[in-house]
$ cat structure.pdb   # PDB, C-alpha atoms, pLDDT in the B column
MODEL        1
ATOM      1  CA  MET A   1     -45.563  51.239 -49.515  1.00 84.00           C
ATOM      2  CA  THR A   2     -42.910  53.248 -47.669  1.00 91.00           C
ATOM      3  CA  VAL A   3     -40.855  50.112 -47.058  1.00 95.00           C
ATOM      4  CA  TRP A   4     -40.774  49.317 -50.777  1.00 96.00           C
ATOM      5  CA  ILE A   5     -39.661  52.854 -51.576  1.00 96.00           C
ATOM      6  CA  ALA A   6     -36.836  52.509 -49.045  1.00 96.00           C
ATOM      7  CA  ILE A   7     -35.847  49.132 -50.528  1.00 97.00           C
ATOM      8  CA  GLY A   8     -35.866  50.585 -54.036  1.00 96.00           C
ATOM      9  CA  LEU A   9     -33.734  53.563 -53.014  1.00 97.00           C
ATOM     10  CA  THR A  10     -31.296  51.229 -51.259  1.00 97.00           C
ATOM     11  CA  VAL A  11     -30.993  49.066 -54.380  1.00 97.00           C
ATOM     12  CA  VAL A  12     -30.334  52.104 -56.567  1.00 97.00           C
ATOM     13  CA  GLY A  13     -27.837  53.488 -54.051  1.00 97.00           C
ATOM     14  CA  CYS A  14     -25.926  50.193 -53.859  1.00 96.00           C
ATOM     15  CA  TYR A  15     -25.795  49.961 -57.631  1.00 96.00           C
ATOM     16  CA  LEU A  16     -24.489  53.525 -57.921  1.00 96.00           C
ATOM     17  CA  VAL A  17     -21.798  52.905 -55.306  1.00 94.00           C
ATOM     18  CA  LYS A  18     -20.680  49.783 -57.158  1.00 95.00           C
ATOM     19  CA  LEU A  19     -20.670  51.668 -60.471  1.00 95.00           C
ATOM     20  CA  LEU A  20     -18.654  54.468 -58.879  1.00 93.00           C
ATOM     21  CA  GLY A  21     -16.077  51.901 -57.728  1.00 87.00           C
ATOM     22  CA  LEU A  22     -15.749  50.582 -61.269  1.00 91.00           C
ATOM     23  CA  LEU A  23     -15.206  54.077 -62.643  1.00 93.00           C
ATOM     24  CA  VAL A  24     -12.197  54.828 -60.401  1.00 89.00           C
ATOM     25  CA  PRO A  25      -9.043  54.985 -62.550  1.00 90.00           C
ATOM     26  CA  ALA A  26      -6.592  52.107 -62.061  1.00 87.00           C
ATOM     27  CA  GLY A  27      -3.785  54.553 -61.342  1.00 89.00           C
ATOM     28  CA  ALA A  28      -5.597  55.840 -58.275  1.00 88.00           C
ATOM     29  CA  LEU A  29      -5.953  52.310 -56.906  1.00 86.00           C
ATOM     30  CA  GLU A  30      -2.243  51.544 -57.315  1.00 90.00           C
ATOM     31  CA  ARG A  31      -1.077  54.246 -54.899  1.00 92.00           C
ATOM     32  CA  PRO A  32       0.565  52.837 -51.756  1.00 93.00           C
ATOM     33  CA  LEU A  33      -1.677  54.811 -49.398  1.00 94.00           C
ATOM     34  CA  VAL A  34      -4.838  53.561 -51.094  1.00 91.00           C
ATOM     35  CA  GLN A  35      -3.565  49.967 -50.995  1.00 92.00           C
ATOM     36  CA  ARG A  36      -2.736  50.249 -47.270  1.00 94.00           C
ATOM     37  CA  LEU A  37      -6.157  51.711 -46.522  1.00 92.00           C
ATOM     38  CA  ALA A  38      -7.872  49.010 -48.563  1.00 89.00           C
ATOM     39  CA  ALA A  39      -5.988  46.349 -46.607  1.00 93.00           C
ATOM     40  CA  LEU A  40      -6.693  47.848 -43.171  1.00 95.00           C
ATOM     41  CA  LEU A  41     -10.262  49.064 -43.608  1.00 94.00           C
ATOM     42  CA  PRO A  42     -11.992  45.647 -43.444  1.00 94.00           C
ATOM     43  CA  VAL A  43     -10.091  44.784 -40.250  1.00 93.00           C
ATOM     44  CA  ALA A  44     -11.073  48.087 -38.640  1.00 95.00           C
ATOM     45  CA  LEU A  45     -14.722  47.693 -39.644  1.00 95.00           C
ATOM     46  CA  LEU A  46     -14.861  44.125 -38.331  1.00 94.00           C
ATOM     47  CA  ALA A  47     -13.251  45.193 -35.046  1.00 91.00           C
ATOM     48  CA  ALA A  48     -15.748  48.042 -34.659  1.00 93.00           C
ATOM     49  CA  LEU A  49     -18.678  45.745 -35.402  1.00 93.00           C
ATOM     50  CA  THR A  50     -17.399  43.172 -32.906  1.00 87.00           C
ATOM     51  CA  ALA A  51     -16.929  45.810 -30.217  1.00 88.00           C
ATOM     52  CA  GLN A  52     -20.373  47.278 -30.804  1.00 90.00           C
ATOM     53  CA  GLN A  53     -22.076  43.872 -30.726  1.00 87.00           C
ATOM     54  CA  THR A  54     -20.123  42.781 -27.646  1.00 85.00           C
ATOM     55  CA  PHE A  55     -20.221  45.877 -25.477  1.00 88.00           C
ATOM     56  CA  GLY A  56     -23.228  47.813 -26.758  1.00 87.00           C
ATOM     57  CA  GLU A  57     -26.690  47.429 -25.308  1.00 84.00           C
ATOM     58  CA  GLY A  58     -29.182  50.005 -26.479  1.00 83.00           C
ATOM     59  CA  THR A  59     -27.543  53.332 -25.734  1.00 85.00           C
ATOM     60  CA  GLY A  60     -25.406  52.027 -22.875  1.00 86.00           C
ATOM     61  CA  LEU A  61     -22.380  49.891 -22.199  1.00 87.00           C
ATOM     62  CA  ALA A  62     -22.798  46.229 -21.274  1.00 85.00           C
ATOM     63  CA  LEU A  63     -20.071  44.352 -19.428  1.00 88.00           C
ATOM     64  CA  ASP A  64     -21.353  40.802 -19.136  1.00 88.00           C
ATOM     65  CA  ALA A  65     -20.315  37.282 -20.104  1.00 92.00           C
ATOM     66  CA  ARG A  66     -19.534  38.387 -23.650  1.00 91.00           C
ATOM     67  CA  ALA A  67     -16.856  40.769 -22.389  1.00 91.00           C
ATOM     68  CA  ALA A  68     -15.261  37.932 -20.417  1.00 94.00           C
ATOM     69  CA  GLY A  69     -15.232  35.793 -23.553  1.00 94.00           C
ATOM     70  CA  VAL A  70     -13.563  38.531 -25.570  1.00 92.00           C
ATOM     71  CA  ALA A  71     -10.971  38.966 -22.813  1.00 94.00           C
ATOM     72  CA  ALA A  72     -10.263  35.220 -22.858  1.00 96.00           C
ATOM     73  CA  ALA A  73      -9.867  35.320 -26.639  1.00 96.00           C
ATOM     74  CA  ALA A  74      -7.482  38.273 -26.331  1.00 95.00           C
ATOM     75  CA  VAL A  75      -5.340  36.377 -23.824  1.00 97.00           C
ATOM     76  CA  ALA A  76      -5.289  33.346 -26.115  1.00 97.00           C
ATOM     77  CA  LEU A  77      -4.231  35.570 -29.020  1.00 96.00           C
ATOM     78  CA  VAL A  78      -1.427  37.114 -26.967  1.00 97.00           C
ATOM     79  CA  LEU A  79      -0.238  33.588 -26.181  1.00 97.00           C
ATOM     80  CA  ARG A  80      -0.312  32.875 -29.941  1.00 97.00           C
ATOM     81  CA  ALA A  81      -2.845  30.080 -29.665  1.00 96.00           C
ATOM     82  CA  PRO A  82      -4.324  28.569 -32.855  1.00 97.00           C
ATOM     83  CA  PHE A  83      -7.581  30.058 -34.081  1.00 96.00           C
ATOM     84  CA  LEU A  84      -9.751  27.160 -32.921  1.00 97.00           C
ATOM     85  CA  VAL A  85      -8.242  27.386 -29.433  1.00 97.00           C
ATOM     86  CA  VAL A  86      -8.993  31.129 -29.355  1.00 97.00           C
ATOM     87  CA  VAL A  87     -12.616  30.520 -30.310  1.00 97.00           C
ATOM     88  CA  GLY A  88     -12.907  27.605 -27.894  1.00 97.00           C
ATOM     89  CA  ALA A  89     -11.503  29.661 -25.018  1.00 97.00           C
ATOM     90  CA  ALA A  90     -13.942  32.478 -25.731  1.00 96.00           C
ATOM     91  CA  VAL A  91     -16.885  30.080 -25.882  1.00 97.00           C
ATOM     92  CA  ALA A  92     -15.863  28.211 -22.727  1.00 97.00           C
ATOM     93  CA  VAL A  93     -15.331  31.357 -20.673  1.00 97.00           C
ATOM     94  CA  THR A  94     -18.564  32.944 -21.888  1.00 95.00           C
ATOM     95  CA  ALA A  95     -20.520  29.786 -21.092  1.00 97.00           C
ATOM     96  CA  GLY A  96     -18.829  29.476 -17.709  1.00 96.00           C
ATOM     97  CA  VAL A  97     -19.627  33.046 -16.702  1.00 95.00           C
ATOM     98  CA  ARG A  98     -23.240  32.632 -17.842  1.00 95.00           C
ATOM     99  CA  ALA A  99     -23.528  29.354 -15.911  1.00 95.00           C
ATOM    100  CA  LEU A 100     -22.285  31.117 -12.787  1.00 94.00           C
ATOM    101  CA  GLY A 101     -25.021  33.706 -13.196  1.00 87.00           C
ATOM    102  CA  GLY A 102     -23.179  36.502 -14.971  1.00 65.00           C
TER     103      GLY A 102
ENDMDL
END

$ encode --input "structure.pdb" --output "structure tokens"
Amino acid sequence: MTVWIAIGLTVVGCYLVKLLGLLVPAGALERPLVQRLAALLPVALLAALTAQQTFGEGTGLALDARAAGVAAAAVALVLRAPFLVVVGAAVAVTAGVRALGG
């Protein structure tokens, strides 16, 4: 029963957050600072999620094959490689490090 109460409260909370977003005046959303934050916030959240999933393990830090794959992707990005090449480099390096026992 506790799980259903938590689900119900989450549904109500999500609905209220969405309703709150609809009630924000249009003038407040047209400010340059708000527009810059709205453009940068998804990128920052995705970067934080990627870092946490890549380097986090329980309460510690994990430096394994995933970290090598992210490093390979970063190098490919610095070299201005196309997106598919970046992903392919990350996959290949991660698989290679895992195959070597890392």

$ atom_distance --input "structure.pdb" --atom1 "CA of Ala99 (chain A)" --atom2 "CA of Val87 (chain A)"
18.1 Å

$ atom_distance --input "structure.pdb" --atom1 "CA of Ile5 (chain A)" --atom2 "CA of Lys18 (chain A)"
20.0 Å

$ residues_around --input "structure.pdb" --residues "Ala95 (chain A)" --least-positions-apart "6" --cutoff "10 Å" --atoms "all atoms listed in the file" --output "ChimeraX atom specification"
/A:65-66,68-69,89,101-102

$ resolve_selection --input "structure.pdb" --expression "the PyMOL selection byres ((chain A and resi 55) around 12)" --output "list in words"
Ala47, Ala48, Leu49, Thr50, Ala51, Gln52, Gln53, Thr54, Gly56, Glu57, Gly58, Thr59, Gly60, Leu61, Ala62, Leu63, Asp64, Ala65, Arg66, Ala67, Ala68, Gly69, Val70 and Ala71 of chain A

$ atom_distance --input "structure.pdb" --atom1 "CA of Leu16 (chain A)" --atom2 "CA of Thr2 (chain A)"
21.1 Å

$ closest_residue --input "structure.pdb" --among "A:Leu84, A:Ala90, A:Ala38, A:Val43" --to "Ala72 (chain A)" --atoms "only C-alpha atoms"
A:Ala90

$ closest_residue --input "structure.pdb" --among "A:Leu22, A:Met1, A:Arg80, A:Ala73" --to "Ala92 (chain A)" --atoms "only C-alpha atoms"
A:Ala73

$ decode --input "structure.pdb" --residues "region 29-94 of chain A" --atoms "C-alpha atoms" --output "PDB file, in the first residue's frame"
ATOM      1  CA  LEU A  29      10.063  33.660 -19.762  1.00  0.00           C
ATOM      2  CA  GLU A  30      11.214  36.255 -22.303  1.00  0.00           C
ATOM      3  CA  ARG A  31      14.041  37.607 -20.141  1.00  0.00           C
ATOM      4  CA  PRO A  32      17.500  36.915 -21.597  1.00  0.00           C
ATOM      5  CA  LEU A  33      18.799  35.311 -18.399  1.00  0.00           C
ATOM      6  CA  VAL A  34      15.863  32.908 -18.218  1.00  0.00           C
ATOM      7  CA  GLN A  35      16.290  31.984 -21.894  1.00  0.00           C
ATOM      8  CA  ARG A  36      20.027  31.320 -21.405  1.00  0.00           C
ATOM      9  CA  LEU A  37      19.343  29.174 -18.351  1.00  0.00           C
ATOM     10  CA  ALA A  38      16.623  27.260 -20.178  1.00  0.00           C
ATOM     11  CA  ALA A  39      19.040  26.565 -23.029  1.00  0.00           C
ATOM     12  CA  LEU A  40      21.936  25.472 -20.800  1.00  0.00           C
ATOM     13  CA  LEU A  41      20.104  23.544 -18.092  1.00  0.00           C
ATOM     14  CA  PRO A  42      19.335  20.394 -20.136  1.00  0.00           C
ATOM     15  CA  VAL A  43      22.979  20.162 -21.243  1.00  0.00           C
ATOM     16  CA  ALA A  44      24.205  20.496 -17.658  1.00  0.00           C
ATOM     17  CA  LEU A  45      21.737  17.895 -16.386  1.00  0.00           C
ATOM     18  CA  LEU A  46      22.669  15.436 -19.135  1.00  0.00           C
ATOM     19  CA  ALA A  47      26.380  15.947 -18.434  1.00  0.00           C
ATOM     20  CA  ALA A  48      25.836  15.362 -14.710  1.00  0.00           C
ATOM     21  CA  LEU A  49      23.801  12.226 -15.369  1.00  0.00           C
ATOM     22  CA  THR A  50      26.456  10.906 -17.755  1.00  0.00           C
ATOM     23  CA  ALA A  51      29.235  11.588 -15.259  1.00  0.00           C
ATOM     24  CA  GLN A  52      27.334   9.944 -12.423  1.00  0.00           C
ATOM     25  CA  GLN A  53      26.498   6.853 -14.486  1.00  0.00           C
ATOM     26  CA  THR A  54      30.048   6.589 -15.833  1.00  0.00           C
ATOM     27  CA  PHE A  55      32.142   7.274 -12.759  1.00  0.00           C
ATOM     28  CA  GLY A  56      29.822   6.474  -9.859  1.00  0.00           C
ATOM     29  CA  GLU A  57      29.654   3.071  -8.238  1.00  0.00           C
ATOM     30  CA  GLY A  58      27.687   2.953  -5.025  1.00  0.00           C
ATOM     31  CA  THR A  59      29.235   5.636  -2.853  1.00  0.00           C
ATOM     32  CA  GLY A  60      32.652   5.487  -4.511  1.00  0.00           C
ATOM     33  CA  LEU A  61      34.421   6.431  -7.698  1.00  0.00           C
ATOM     34  CA  ALA A  62      34.880   3.861 -10.460  1.00  0.00           C
ATOM     35  CA  LEU A  63      37.596   4.259 -13.073  1.00  0.00           C
ATOM     36  CA  ASP A  64      37.123   1.332 -15.428  1.00  0.00           C
ATOM     37  CA  ALA A  65      36.490   0.680 -19.112  1.00  0.00           C
ATOM     38  CA  ARG A  66      33.670   3.220 -19.173  1.00  0.00           C
ATOM     39  CA  ALA A  67      36.072   6.008 -18.228  1.00  0.00           C
ATOM     40  CA  ALA A  68      38.373   4.996 -21.084  1.00  0.00           C
ATOM     41  CA  GLY A  69      35.428   5.127 -23.477  1.00  0.00           C
ATOM     42  CA  VAL A  70      34.457   8.597 -22.309  1.00  0.00           C
ATOM     43  CA  ALA A  71      38.069   9.734 -22.721  1.00  0.00           C
ATOM     44  CA  ALA A  72      38.119   8.355 -26.276  1.00  0.00           C
ATOM     45  CA  ALA A  73      34.869  10.173 -27.048  1.00  0.00           C
ATOM     46  CA  ALA A  74      36.317  13.402 -25.638  1.00  0.00           C
ATOM     47  CA  VAL A  75      39.383  13.086 -27.865  1.00  0.00           C
ATOM     48  CA  ALA A  76      37.164  12.446 -30.882  1.00  0.00           C
ATOM     49  CA  LEU A  77      35.104  15.527 -30.009  1.00  0.00           C
ATOM     50  CA  VAL A  78      38.229  17.672 -29.702  1.00  0.00           C
ATOM     51  CA  LEU A  79      39.246  16.452 -33.158  1.00  0.00           C
ATOM     52  CA  ARG A  80      35.772  17.483 -34.391  1.00  0.00           C
ATOM     53  CA  ALA A  81      34.800  13.998 -35.491  1.00  0.00           C
ATOM     54  CA  PRO A  82      31.205  13.323 -36.618  1.00  0.00           C
ATOM     55  CA  PHE A  83      28.805  12.079 -33.968  1.00  0.00           C
ATOM     56  CA  LEU A  84      28.780   8.477 -35.178  1.00  0.00           C
ATOM     57  CA  VAL A  85      32.586   8.395 -35.111  1.00  0.00           C
ATOM     58  CA  VAL A  86      32.547   9.726 -31.532  1.00  0.00           C
ATOM     59  CA  VAL A  87      30.122   7.015 -30.448  1.00  0.00           C
ATOM     60  CA  GLY A  88      32.025   4.350 -32.371  1.00  0.00           C
ATOM     61  CA  ALA A  89      35.334   5.372 -30.797  1.00  0.00           C
ATOM     62  CA  ALA A  90      33.817   5.241 -27.322  1.00  0.00           C
ATOM     63  CA  VAL A  91      32.307   1.813 -27.957  1.00  0.00           C
ATOM     64  CA  ALA A  92      35.491   0.406 -29.500  1.00  0.00           C
ATOM     65  CA  VAL A  93      37.747   1.643 -26.712  1.00  0.00           C
ATOM     66  CA  THR A  94      35.373   0.466 -23.988  1.00  0.00           C
TER      67      THR A  94
END
